[in-house]
Amino acid sequence: MNLSRSILSLFFLFGFSINAGAQITDYVLDVKNASSQPLQVINMQGSDPKGISLAVNNRYFEKNGKPWLPVMGEFHYIRFPDQYWEEQLAKMKACGISIVATYVFWNAHENPKGVWNWEGNRDLRKFISLCQKHGLLVWLRCGPWSHGEQLYGGFPQWIESMKNTRSNDPAYLAECEKLFAEIGRQTKGLYFSEGGPIIGAQLENEYASGQPKHIGVLKKMAIENGIRPVYFSITANTVFDDKNFEALPLQGGYPYRGWERAGGGPTKDFLYANDQWILTADLGRLYYDPEQYPRGLCEQGAGSQMTYNNRFTVEPAVVEAHLQNQLGRGMNLIGYYMFQGGTQMPGLKEPGLPESYDFQAPLDEFGLPRASYKYLKILHHFINDFGEGLAAANPVQPQIKVVRQTDKDTLRYIGRFTGDSGFIFLNNTQVRVEQPDKKFRLRLNLEGGPFTIPAKGDILLKGQTTAILPVNLKTAGVNIRYATIQPLARFSTNGHDDLLFFQGPGMKEALVAPSKAVMLWEGDSRVSLATMKPSAAMKKVLVFLLLRPVQVFPSGCFTPGAMGAPRLMLKQLRSR
């Protein structure tokens, strides 16, 4: 292969040292003999007036009949000044968020009894309309009981003092009917089928010891009062009629656990072998058949809550690795809790917790991006541009799995494949356990025959880093056999595809593909994508390669785009 190669970076180069003395280990991934889960349609679908359709099956969500891997972020409108909602929603959109989730806390809207307040930073309709303005979809978490560190779990005081709450008791249901009627009035015309952004609604929360028929009663009540999204959901530790598929159970996972001392110790969330969706250590028991529902999260922790005596620092590289691990294991809906931090409303916080609801979220209590915002943005671009293929791909586990979170010696890896095409996820990060550098080769067994990555030499994965490597990536009719650089984004222009990759710290860049079909861009000392002109040397695929340091990625909107439109500035640092 004779490819022109150059290393491009944003603004400046970080130097990385390679540990030449690390032992090289061979790891095997048998894709050829991996099992595939058959598709089963779930009866939740809908279309908007423009003909855009949404659906779901037991493996993934669908948009216009194609696999869809959405990214959802929690933003509690009542915990942030309404005059800044639009600015923060724009920041969420810039980071690659496609759905905004939010609680509707009952006690923030009906207080005192019979008096409803939907004004100021309680203006739900304004909040949803701003989401729609910025092309963001909405997932309501409408209770009636919510928790969310709200006083009485979101219940008004007189509901909290009632007997038989969170049940099918007639007196309690009569009050719930009033809440759902109010929510229905506030959201009228804003549902997906009406041309609005609301596609989902969560019923109850963490309802693990109640009446299984209660969720069905709440769903019927919601629909009768105009709450009519495409998808109804619950949290996975909720009892419900799972055989009738009345709701989608969505999970949670936190690399740092604010309810444990110092944020907790080394968790198993970083082991690809540990399938969190059947992990009974946290749930206590399994409430549904996980093979019947898509794997999705409503509480992917990019931070965690604090108490007055419990302080810890969330490391952005750990947050990134946690999300990457979830993707590798088969997650097909990301739902952060929280993505935008906030401040508790006076008198409405859960006792024993601070007024701050910052959560060390990617967007903090005062609206400023944290380092984790920049780290996550990289994976969000990958998900948004490669998610269609990823959502349909099956997880492929290695024969030898890492099962101990304290294991420092064994490489953690997994594949997601459809046939011979897919991605390999590599993780060398574990919360609370520093990982050493690892040198290795990957031996793949595919239908088309076995091969090794790389064909010569080895891969170095630095400690506290991750990587996603493509295998048989097909783009514009060209097959990229494999690469030891990570896909970031893709876009089409002038009859060819442009691919943006980045290079991990210490990793040797390699891209194996037909030399006449792929060109690695090589330019002058400073190049703007806005001024590049296609040349005869460019065939079908143009590849840009960046270095890994996420610190240089801008905190604002980063959207690679077609030539001729203002986009990202790149700098050539070295060519070979």
# chains A, B, ... in the order shown; residues from 1 in each chain; ligands from 1
>>> residues_around(residues="A:Gln150", least_positions_apart="3", cutoff="6 Å", atoms="only C-alpha atoms", output="PDB file with all heavy atoms, in the first residue's frame")
ATOM      1  N   HIS A 147     -38.575  10.965  42.269  1.00  0.00           N
ATOM      2  CA  HIS A 147     -37.339  11.021  43.038  1.00  0.00           C
ATOM      3  C   HIS A 147     -36.484  12.173  42.520  1.00  0.00           C
ATOM      4  O   HIS A 147     -36.848  13.314  42.677  1.00  0.00           O
ATOM      5  CB  HIS A 147     -36.583   9.697  43.062  1.00  0.00           C
ATOM      6  CG  HIS A 147     -35.506   9.706  44.123  1.00  0.00           C
ATOM      7  ND1 HIS A 147     -34.359   8.966  44.030  1.00  0.00           N
ATOM      8  CD2 HIS A 147     -35.409  10.406  45.282  1.00  0.00           C
ATOM      9  CE1 HIS A 147     -33.595   9.173  45.095  1.00  0.00           C
ATOM     10  NE2 HIS A 147     -34.218  10.046  45.866  1.00  0.00           N
ATOM     11  N   GLY A 153     -39.762  12.940  46.718  1.00  0.00           N
ATOM     12  CA  GLY A 153     -39.680  12.312  45.403  1.00  0.00           C
ATOM     13  C   GLY A 153     -40.496  13.022  44.345  1.00  0.00           C
ATOM     14  O   GLY A 153     -40.807  12.447  43.304  1.00  0.00           O
ATOM     15  N   GLY A 154     -40.821  14.277  44.596  1.00  0.00           N
ATOM     16  CA  GLY A 154     -41.621  15.060  43.662  1.00  0.00           C
ATOM     17  C   GLY A 154     -43.083  15.154  44.038  1.00  0.00           C
ATOM     18  O   GLY A 154     -43.844  15.913  43.425  1.00  0.00           O
ATOM     19  N   LEU A 348     -37.472  22.616  48.046  1.00  0.00           N
ATOM     20  CA  LEU A 348     -37.908  21.419  47.331  1.00  0.00           C
ATOM     21  C   LEU A 348     -36.804  20.374  47.158  1.00  0.00           C
ATOM     22  O   LEU A 348     -36.927  19.472  46.347  1.00  0.00           O
ATOM     23  CB  LEU A 348     -38.467  21.794  45.952  1.00  0.00           C
ATOM     24  CG  LEU A 348     -39.805  22.534  45.950  1.00  0.00           C
ATOM     25  CD1 LEU A 348     -40.259  22.838  44.532  1.00  0.00           C
ATOM     26  CD2 LEU A 348     -40.885  21.743  46.691  1.00  0.00           C
ATOM     27  N   LYS A 349     -35.731  20.487  47.932  1.00  0.00           N
ATOM     28  CA  LYS A 349     -34.674  19.488  47.832  1.00  0.00           C
ATOM     29  C   LYS A 349     -34.887  18.373  48.845  1.00  0.00           C
ATOM     30  O   LYS A 349     -35.509  18.556  49.882  1.00  0.00           O
ATOM     31  CB  LYS A 349     -33.304  20.117  48.047  1.00  0.00           C
ATOM     32  CG  LYS A 349     -33.026  20.558  49.486  1.00  0.00           C
ATOM     33  CD  LYS A 349     -31.622  21.114  49.629  1.00  0.00           C
ATOM     34  CE  LYS A 349     -31.325  21.518  51.077  1.00  0.00           C
ATOM     35  NZ  LYS A 349     -31.259  20.370  51.989  1.00  0.00           N
ATOM     36  N   GLU A 350     -34.361  17.214  48.518  1.00  0.00           N
ATOM     37  CA  GLU A 350     -34.403  16.093  49.445  1.00  0.00           C
ATOM     38  C   GLU A 350     -33.545  16.417  50.670  1.00  0.00           C
ATOM     39  O   GLU A 350     -32.418  16.916  50.523  1.00  0.00           O
ATOM     40  CB  GLU A 350     -33.891  14.830  48.744  1.00  0.00           C
ATOM     41  CG  GLU A 350     -33.961  13.568  49.582  1.00  0.00           C
ATOM     42  CD  GLU A 350     -33.491  12.337  48.832  1.00  0.00           C
ATOM     43  OE1 GLU A 350     -33.322  12.413  47.597  1.00  0.00           O
ATOM     44  OE2 GLU A 350     -33.283  11.283  49.481  1.00  0.00           O
TER      45      GLU A 350
END
>>> residues_around(residues="stretch 64-74 of chain A", least_positions_apart="4", cutoff="6 Å", atoms="only C-alpha atoms", output="ChimeraX atom specification")
/A:52-53,97-102,332-339,387-388,391
>>> write_last_selection(atoms="all heavy atoms", output="compact mmCIF listing (two decimals), in the first residue's frame")
# COMPACT_ATOMS: atom_id res chain seq x y z
N ILE A 52 -41.61 11.54 8.67
CA ILE A 52 -40.50 10.92 9.39
C ILE A 52 -41.08 9.90 10.36
O ILE A 52 -42.00 10.20 11.13
CB ILE A 52 -39.67 11.97 10.14
CG1 ILE A 52 -39.06 12.97 9.16
CG2 ILE A 52 -38.57 11.30 10.97
CD1 ILE A 52 -38.35 14.14 9.83
N SER A 53 -40.56 8.68 10.33
CA SER A 53 -41.13 7.61 11.16
C SER A 53 -40.13 7.17 12.22
O SER A 53 -38.92 7.19 12.02
CB SER A 53 -41.51 6.41 10.29
OG SER A 53 -40.37 5.84 9.67
N ILE A 97 -25.92 15.93 21.35
CA ILE A 97 -27.15 15.43 21.98
C ILE A 97 -28.30 15.56 20.99
O ILE A 97 -28.44 16.57 20.31
CB ILE A 97 -27.46 16.23 23.27
CG1 ILE A 97 -26.34 16.08 24.29
CG2 ILE A 97 -28.80 15.81 23.85
CD1 ILE A 97 -26.17 14.70 24.85
N SER A 98 -29.15 14.54 20.91
CA SER A 98 -30.29 14.58 20.00
C SER A 98 -31.64 14.59 20.74
O SER A 98 -32.65 14.98 20.16
CB SER A 98 -30.25 13.39 19.03
OG SER A 98 -30.07 12.17 19.71
N ILE A 99 -31.65 14.13 22.00
CA ILE A 99 -32.89 14.11 22.79
C ILE A 99 -32.61 14.76 24.14
O ILE A 99 -31.58 14.49 24.77
CB ILE A 99 -33.39 12.67 23.03
CG1 ILE A 99 -33.55 11.91 21.73
CG2 ILE A 99 -34.71 12.68 23.80
CD1 ILE A 99 -33.87 10.43 21.92
N VAL A 100 -33.53 15.59 24.61
CA VAL A 100 -33.45 16.19 25.94
C VAL A 100 -34.48 15.50 26.83
O VAL A 100 -35.67 15.46 26.50
CB VAL A 100 -33.71 17.71 25.90
CG1 VAL A 100 -33.73 18.29 27.32
CG2 VAL A 100 -32.66 18.41 25.06
N ALA A 101 -34.01 14.95 27.95
CA ALA A 101 -34.92 14.34 28.92
C ALA A 101 -35.09 15.29 30.09
O ALA A 101 -34.15 16.00 30.47
CB ALA A 101 -34.35 13.00 29.41
N THR A 102 -36.28 15.30 30.68
CA THR A 102 -36.52 16.18 31.83
C THR A 102 -37.63 15.63 32.70
O THR A 102 -38.62 15.06 32.21
CB THR A 102 -36.86 17.61 31.36
OG1 THR A 102 -36.83 18.49 32.47
CG2 THR A 102 -38.22 17.68 30.68
N ASN A 332 -27.74 0.82 22.86
CA ASN A 332 -28.27 1.46 21.66
C ASN A 332 -29.14 2.68 21.95
O ASN A 332 -29.83 3.17 21.07
CB ASN A 332 -29.06 0.44 20.82
CG ASN A 332 -28.14 -0.40 19.95
OD1 ASN A 332 -27.08 0.06 19.54
ND2 ASN A 332 -28.52 -1.63 19.68
N LEU A 333 -29.09 3.16 23.17
CA LEU A 333 -29.65 4.47 23.54
C LEU A 333 -28.82 4.98 24.70
O LEU A 333 -28.67 4.31 25.72
CB LEU A 333 -31.12 4.38 23.96
CG LEU A 333 -31.70 5.62 24.65
CD1 LEU A 333 -31.74 6.81 23.69
CD2 LEU A 333 -33.09 5.36 25.22
N ILE A 334 -28.26 6.16 24.53
CA ILE A 334 -27.51 6.81 25.61
C ILE A 334 -28.45 7.82 26.25
O ILE A 334 -29.07 8.62 25.56
CB ILE A 334 -26.28 7.56 25.07
CG1 ILE A 334 -25.37 6.61 24.31
CG2 ILE A 334 -25.53 8.25 26.19
CD1 ILE A 334 -24.42 7.33 23.39
N GLY A 335 -28.54 7.79 27.57
CA GLY A 335 -29.34 8.78 28.27
C GLY A 335 -28.61 9.26 29.51
O GLY A 335 -28.59 8.56 30.52
N TYR A 336 -27.97 10.42 29.44
CA TYR A 336 -27.17 10.93 30.55
C TYR A 336 -28.03 11.47 31.68
O TYR A 336 -29.04 12.15 31.45
CB TYR A 336 -26.25 12.06 30.08
CG TYR A 336 -25.16 11.62 29.17
CD1 TYR A 336 -25.26 11.86 27.80
CD2 TYR A 336 -24.04 10.98 29.65
CE1 TYR A 336 -24.24 11.47 26.93
CE2 TYR A 336 -23.02 10.58 28.80
CZ TYR A 336 -23.12 10.83 27.44
OH TYR A 336 -22.13 10.44 26.60
N TYR A 337 -27.59 11.20 32.89
CA TYR A 337 -28.18 11.83 34.07
C TYR A 337 -27.02 12.24 34.99
O TYR A 337 -26.35 11.37 35.54
CB TYR A 337 -29.09 10.84 34.82
CG TYR A 337 -29.95 11.50 35.87
CD1 TYR A 337 -31.27 11.85 35.58
CD2 TYR A 337 -29.47 11.80 37.12
CE1 TYR A 337 -32.07 12.46 36.54
CE2 TYR A 337 -30.26 12.41 38.07
CZ TYR A 337 -31.55 12.74 37.78
OH TYR A 337 -32.34 13.36 38.72
N MET A 338 -26.74 13.51 35.11
CA MET A 338 -27.30 14.64 34.38
C MET A 338 -26.34 15.03 33.25
O MET A 338 -25.16 14.76 33.32
CB MET A 338 -27.46 15.84 35.33
CG MET A 338 -28.35 15.60 36.52
SD MET A 338 -30.09 15.58 36.02
CE MET A 338 -30.34 17.26 35.41
N PHE A 339 -26.87 15.76 32.24
CA PHE A 339 -25.96 16.37 31.27
C PHE A 339 -25.82 17.86 31.56
O PHE A 339 -24.75 18.42 31.40
CB PHE A 339 -26.46 16.17 29.85
CG PHE A 339 -25.37 16.41 28.83
CD1 PHE A 339 -24.52 15.38 28.48
CD2 PHE A 339 -25.18 17.65 28.25
CE1 PHE A 339 -23.47 15.59 27.58
CE2 PHE A 339 -24.16 17.87 27.35
CZ PHE A 339 -23.29 16.84 27.01
N GLY A 387 -23.51 5.56 13.84
CA GLY A 387 -24.46 4.86 14.70
C GLY A 387 -25.40 3.92 13.98
O GLY A 387 -25.84 2.93 14.56
N GLU A 388 -25.73 4.22 12.73
CA GLU A 388 -26.65 3.34 12.00
C GLU A 388 -26.09 1.94 11.89
O GLU A 388 -26.77 0.95 12.14
CB GLU A 388 -26.93 3.92 10.61
CG GLU A 388 -27.90 3.09 9.79
CD GLU A 388 -28.16 3.67 8.42
OE1 GLU A 388 -28.18 4.91 8.29
OE2 GLU A 388 -28.34 2.87 7.47
N ALA A 391 -25.65 0.39 15.65
CA ALA A 391 -26.87 -0.05 16.33
C ALA A 391 -27.28 -1.45 15.88
O ALA A 391 -27.79 -2.24 16.68
CB ALA A 391 -28.00 0.95 16.06
>>> residues_around(residues="stretch 429-436 of chain A", least_positions_apart="3", cutoff="8 Å", atoms="only C-alpha atoms", output="list of chain:residue names")
A:Pro255, A:Gly265, A:Pro266, A:Thr267, A:Phe270, A:Ala317, A:Val318, A:Ala321, A:Gln405, A:Thr406, A:Lys408, A:Asp409, A:Lys462, A:Gly463, A:Gln464, A:Thr465, A:Thr466
>>> closest_residue(among="A:Glu149, A:Phe105, A:Ile227, A:Glu182", to="A:Ser356", atoms="only C-alpha atoms")
A:Glu149
>>> select_by_dssp(residues="stretch 446-527 of chain A", states="strand (DSSP E or B)", output="number ranges by chain")
A: 451-453, 459-461, 466-475, 478-483, 486-493, 496-503, 511-512, 518-520, 526-527
>>> residues_around(residues="A:Phe127", least_positions_apart="3", cutoff="9 Å", atoms="only C-alpha atoms", output="list in words")
Tyr77, Asp82, Trp85, Glu86, Asn121, Arg122, Asp123, Leu124, Leu130, Cys131 and Gln132 of chain A
>>> closest_residue(among="A:Lys50, A:Arg481, A:Arg257, A:Lys63", to="A:Phe423", atoms="only C-alpha atoms")
A:Arg481
>>> closest_residue(among="A:His381, A:Arg311, A:Lys374, A:Arg141", to="A:Phe359", atoms="only C-alpha atoms")
A:Arg311
>>> residues_around(residues="A:Pro212", least_positions_apart="6", cutoff="7 Å", atoms="only C-alpha atoms", output="number ranges by chain")
A: 239-241
>>> write_last_selection(atoms="N, CA and C atoms", output="mmCIF file, in the first residue's frame")
data_model
loop_
_atom_site.group_PDB
_atom_site.id
_atom_site.type_symbol
_atom_site.label_atom_id
_atom_site.label_comp_id
_atom_site.auth_asym_id
_atom_site.auth_seq_id
_atom_site.Cartn_x
_atom_site.Cartn_y
_atom_site.Cartn_z
ATOM 1 N N VAL A 239 -41.413 -3.046 38.323
ATOM 2 C CA VAL A 239 -42.299 -4.148 37.965
ATOM 3 C C VAL A 239 -43.333 -3.641 36.959
ATOM 4 N N PHE A 240 -43.597 -4.440 35.927
ATOM 5 C CA PHE A 240 -44.559 -4.030 34.898
ATOM 6 C C PHE A 240 -44.959 -5.278 34.118
ATOM 7 N N ASP A 241 -45.929 -5.120 33.241
ATOM 8 C CA ASP A 241 -46.397 -6.232 32.421
ATOM 9 C C ASP A 241 -45.455 -6.383 31.229
#
>>> closest_residue(among="A:Asp26, A:Glu246, A:Asp437, A:Asp420", to="A:Gly449", atoms="only C-alpha atoms")
A:Asp420
>>> closest_residue(among="A:Gly448, A:Gly264, A:Gly296, A:Gly253", to="A:Phe61", atoms="only C-alpha atoms")
A:Gly296
>>> closest_atom_pairs(of="stretch 3-108 of chain A", to="stretch 155-170 of chain A", cutoff="12 Å", atoms="only C-alpha atoms", output="JSON lines")
{"residue": "A:Val104", "atom": "CA", "partner": "A:Phe155", "partner_atom": "CA", "distance": 10.8}
{"residue": "A:Phe105", "atom": "CA", "partner": "A:Phe155", "partner_atom": "CA", "distance": 7.5}
{"residue": "A:Trp106", "atom": "CA", "partner": "A:Phe155", "partner_atom": "CA", "distance": 5.7}
{"residue": "A:Asn107", "atom": "CA", "partner": "A:Pro156", "partner_atom": "CA", "distance": 4.4}
{"residue": "A:Ala108", "atom": "CA", "partner": "A:Pro156", "partner_atom": "CA", "distance": 8.1}
>>> closest_residue(among="A:Asn428, A:Thr493, A:Ala483, A:Leu323", to="A:Leu461", atoms="only C-alpha atoms")
A:Asn428
>>> select_by_dssp(residues="stretch 125-154 of chain A", states="alpha helix (DSSP H)", output="ChimeraX atom specification")
/A:125-133
>>> residues_around(residues="A:Val471", least_positions_apart="3", cutoff="10 Å", atoms="only C-alpha atoms", output="list of chain:residue names")
A:Gly415, A:Arg416, A:Phe417, A:Asp420, A:Ser421, A:Gly422, A:Phe423, A:Ile424, A:Leu444, A:Ile453, A:Ile468, A:Lys474, A:Asn479, A:Ile480, A:Arg481, A:Tyr482, A:Ala483, A:Thr484, A:Val512
>>> residues_around(residues="A:Asn57", least_positions_apart="2", cutoff="8 Å", atoms="only C-alpha atoms", output="number ranges by chain")
A: 39-42, 55, 59-62, 293-294
>>> decode(residues="stretch 397-496 of chain A", atoms="C-alpha atoms", output="PDB file, in the first residue's frame")
ATOM      1  CA  GLN A 397     -17.303 -11.339  23.278  1.00  0.00           C
ATOM      2  CA  PRO A 398     -13.787 -12.800  23.402  1.00  0.00           C
ATOM      3  CA  GLN A 399     -13.435 -16.326  24.743  1.00  0.00           C
ATOM      4  CA  ILE A 400     -11.310 -15.128  27.647  1.00  0.00           C
ATOM      5  CA  LYS A 401     -13.015 -12.254  29.440  1.00  0.00           C
ATOM      6  CA  VAL A 402     -11.792  -9.858  32.101  1.00  0.00           C
ATOM      7  CA  VAL A 403     -14.083 -10.417  35.096  1.00  0.00           C
ATOM      8  CA  ARG A 404     -12.181  -8.641  37.903  1.00  0.00           C
ATOM      9  CA  GLN A 405     -12.136  -4.854  38.047  1.00  0.00           C
ATOM     10  CA  THR A 406      -8.703  -5.004  39.730  1.00  0.00           C
ATOM     11  CA  ASP A 407      -7.146  -6.871  36.779  1.00  0.00           C
ATOM     12  CA  LYS A 408      -4.254  -4.777  35.451  1.00  0.00           C
ATOM     13  CA  ASP A 409      -2.683  -7.362  33.153  1.00  0.00           C
ATOM     14  CA  THR A 410      -5.352  -8.436  30.668  1.00  0.00           C
ATOM     15  CA  LEU A 411      -6.590  -6.354  27.759  1.00  0.00           C
ATOM     16  CA  ARG A 412     -10.288  -5.491  27.900  1.00  0.00           C
ATOM     17  CA  TYR A 413     -11.798  -5.726  24.440  1.00  0.00           C
ATOM     18  CA  ILE A 414     -14.997  -6.608  22.608  1.00  0.00           C
ATOM     19  CA  GLY A 415     -16.372  -6.357  19.065  1.00  0.00           C
ATOM     20  CA  ARG A 416     -19.644  -5.205  17.531  1.00  0.00           C
ATOM     21  CA  PHE A 417     -20.133  -6.761  14.105  1.00  0.00           C
ATOM     22  CA  THR A 418     -22.622  -7.295  11.324  1.00  0.00           C
ATOM     23  CA  GLY A 419     -21.097 -10.044   9.247  1.00  0.00           C
ATOM     24  CA  ASP A 420     -17.414  -9.213   8.735  1.00  0.00           C
ATOM     25  CA  SER A 421     -17.905  -5.463   9.201  1.00  0.00           C
ATOM     26  CA  GLY A 422     -17.783  -3.734  12.571  1.00  0.00           C
ATOM     27  CA  PHE A 423     -15.745  -2.100  15.282  1.00  0.00           C
ATOM     28  CA  ILE A 424     -13.369  -3.324  17.953  1.00  0.00           C
ATOM     29  CA  PHE A 425     -13.612  -1.584  21.328  1.00  0.00           C
ATOM     30  CA  LEU A 426     -10.455  -1.440  23.453  1.00  0.00           C
ATOM     31  CA  ASN A 427     -10.402  -0.212  27.037  1.00  0.00           C
ATOM     32  CA  ASN A 428      -7.388   0.402  29.251  1.00  0.00           C
ATOM     33  CA  THR A 429      -9.188   2.500  31.865  1.00  0.00           C
ATOM     34  CA  GLN A 430     -10.667   1.462  35.203  1.00  0.00           C
ATOM     35  CA  VAL A 431     -12.049   3.833  37.795  1.00  0.00           C
ATOM     36  CA  ARG A 432      -9.883   3.792  40.960  1.00  0.00           C
ATOM     37  CA  VAL A 433      -7.372   1.348  39.410  1.00  0.00           C
ATOM     38  CA  GLU A 434      -4.559   2.812  37.289  1.00  0.00           C
ATOM     39  CA  GLN A 435      -3.850   0.658  34.256  1.00  0.00           C
ATOM     40  CA  PRO A 436      -0.358   0.126  32.763  1.00  0.00           C
ATOM     41  CA  ASP A 437       0.394   0.445  29.047  1.00  0.00           C
ATOM     42  CA  LYS A 438      -0.395  -2.682  27.018  1.00  0.00           C
ATOM     43  CA  LYS A 439       1.216  -3.962  23.804  1.00  0.00           C
ATOM     44  CA  PHE A 440      -0.688  -6.523  21.767  1.00  0.00           C
ATOM     45  CA  ARG A 441      -1.944  -7.848  18.443  1.00  0.00           C
ATOM     46  CA  LEU A 442      -5.523  -8.729  17.557  1.00  0.00           C
ATOM     47  CA  ARG A 443      -6.237 -11.924  15.633  1.00  0.00           C
ATOM     48  CA  LEU A 444      -9.684 -11.881  13.993  1.00  0.00           C
ATOM     49  CA  ASN A 445     -11.554 -14.903  12.693  1.00  0.00           C
ATOM     50  CA  LEU A 446     -14.013 -13.680  10.037  1.00  0.00           C
ATOM     51  CA  GLU A 447     -16.172 -15.365   7.412  1.00  0.00           C
ATOM     52  CA  GLY A 448     -13.861 -13.910   4.802  1.00  0.00           C
ATOM     53  CA  GLY A 449     -10.864 -15.447   6.502  1.00  0.00           C
ATOM     54  CA  PRO A 450      -8.600 -14.673   9.467  1.00  0.00           C
ATOM     55  CA  PHE A 451      -6.184 -11.770   9.687  1.00  0.00           C
ATOM     56  CA  THR A 452      -4.163  -9.898  12.270  1.00  0.00           C
ATOM     57  CA  ILE A 453      -4.268  -6.234  13.331  1.00  0.00           C
ATOM     58  CA  PRO A 454      -1.762  -4.898  12.637  1.00  0.00           C
ATOM     59  CA  ALA A 455      -0.327  -7.071   9.864  1.00  0.00           C
ATOM     60  CA  LYS A 456       3.151  -6.094  11.085  1.00  0.00           C
ATOM     61  CA  GLY A 457       4.224  -4.851  14.469  1.00  0.00           C
ATOM     62  CA  ASP A 458       1.840  -4.297  17.368  1.00  0.00           C
ATOM     63  CA  ILE A 459      -0.633  -1.913  18.978  1.00  0.00           C
ATOM     64  CA  LEU A 460       0.245   0.141  22.035  1.00  0.00           C
ATOM     65  CA  LEU A 461      -2.703   1.174  24.191  1.00  0.00           C
ATOM     66  CA  LYS A 462      -1.599   3.649  26.813  1.00  0.00           C
ATOM     67  CA  GLY A 463      -2.927   3.419  30.345  1.00  0.00           C
ATOM     68  CA  GLN A 464      -6.084   5.415  31.095  1.00  0.00           C
ATOM     69  CA  THR A 465      -7.087   5.519  27.409  1.00  0.00           C
ATOM     70  CA  THR A 466      -9.532   3.729  25.091  1.00  0.00           C
ATOM     71  CA  ALA A 467      -9.773   3.125  21.356  1.00  0.00           C
ATOM     72  CA  ILE A 468     -12.353   2.101  18.750  1.00  0.00           C
ATOM     73  CA  LEU A 469     -10.904   0.524  15.601  1.00  0.00           C
ATOM     74  CA  PRO A 470     -12.881  -0.101  12.383  1.00  0.00           C
ATOM     75  CA  VAL A 471     -12.826  -3.432  10.554  1.00  0.00           C
ATOM     76  CA  ASN A 472     -14.038  -3.688   6.939  1.00  0.00           C
ATOM     77  CA  LEU A 473     -15.471  -0.172   7.080  1.00  0.00           C
ATOM     78  CA  LYS A 474     -17.330   0.382   3.820  1.00  0.00           C
ATOM     79  CA  THR A 475     -17.697   3.948   2.623  1.00  0.00           C
ATOM     80  CA  ALA A 476     -18.429   5.292  -0.888  1.00  0.00           C
ATOM     81  CA  GLY A 477     -17.939   1.818  -2.320  1.00  0.00           C
ATOM     82  CA  VAL A 478     -14.470   1.520  -0.784  1.00  0.00           C
ATOM     83  CA  ASN A 479     -13.607  -1.073   1.850  1.00  0.00           C
ATOM     84  CA  ILE A 480     -11.164   0.012   4.546  1.00  0.00           C
ATOM     85  CA  ARG A 481      -9.816  -3.329   5.720  1.00  0.00           C
ATOM     86  CA  TYR A 482      -8.801  -1.995   9.104  1.00  0.00           C
ATOM     87  CA  ALA A 483      -7.258   1.031  10.777  1.00  0.00           C
ATOM     88  CA  THR A 484      -5.345   1.636  13.987  1.00  0.00           C
ATOM     89  CA  ILE A 485      -6.765   5.141  14.124  1.00  0.00           C
ATOM     90  CA  GLN A 486     -10.247   5.899  15.470  1.00  0.00           C
ATOM     91  CA  PRO A 487     -13.158   7.168  13.346  1.00  0.00           C
ATOM     92  CA  LEU A 488     -14.471  10.535  14.477  1.00  0.00           C
ATOM     93  CA  ALA A 489     -16.829  11.775  11.751  1.00  0.00           C
ATOM     94  CA  ARG A 490     -17.821  11.308   8.123  1.00  0.00           C
ATOM     95  CA  PHE A 491     -19.392  13.510   5.465  1.00  0.00           C
ATOM     96  CA  SER A 492     -19.908  13.357   1.724  1.00  0.00           C
ATOM     97  CA  THR A 493     -18.920  16.029  -0.761  1.00  0.00           C
ATOM     98  CA  ASN A 494     -18.327  16.269  -4.501  1.00  0.00           C
ATOM     99  CA  GLY A 495     -18.898  12.585  -5.133  1.00  0.00           C
ATOM    100  CA  HIS A 496     -16.544  11.201  -2.500  1.00  0.00           C
TER     101      HIS A 496
END
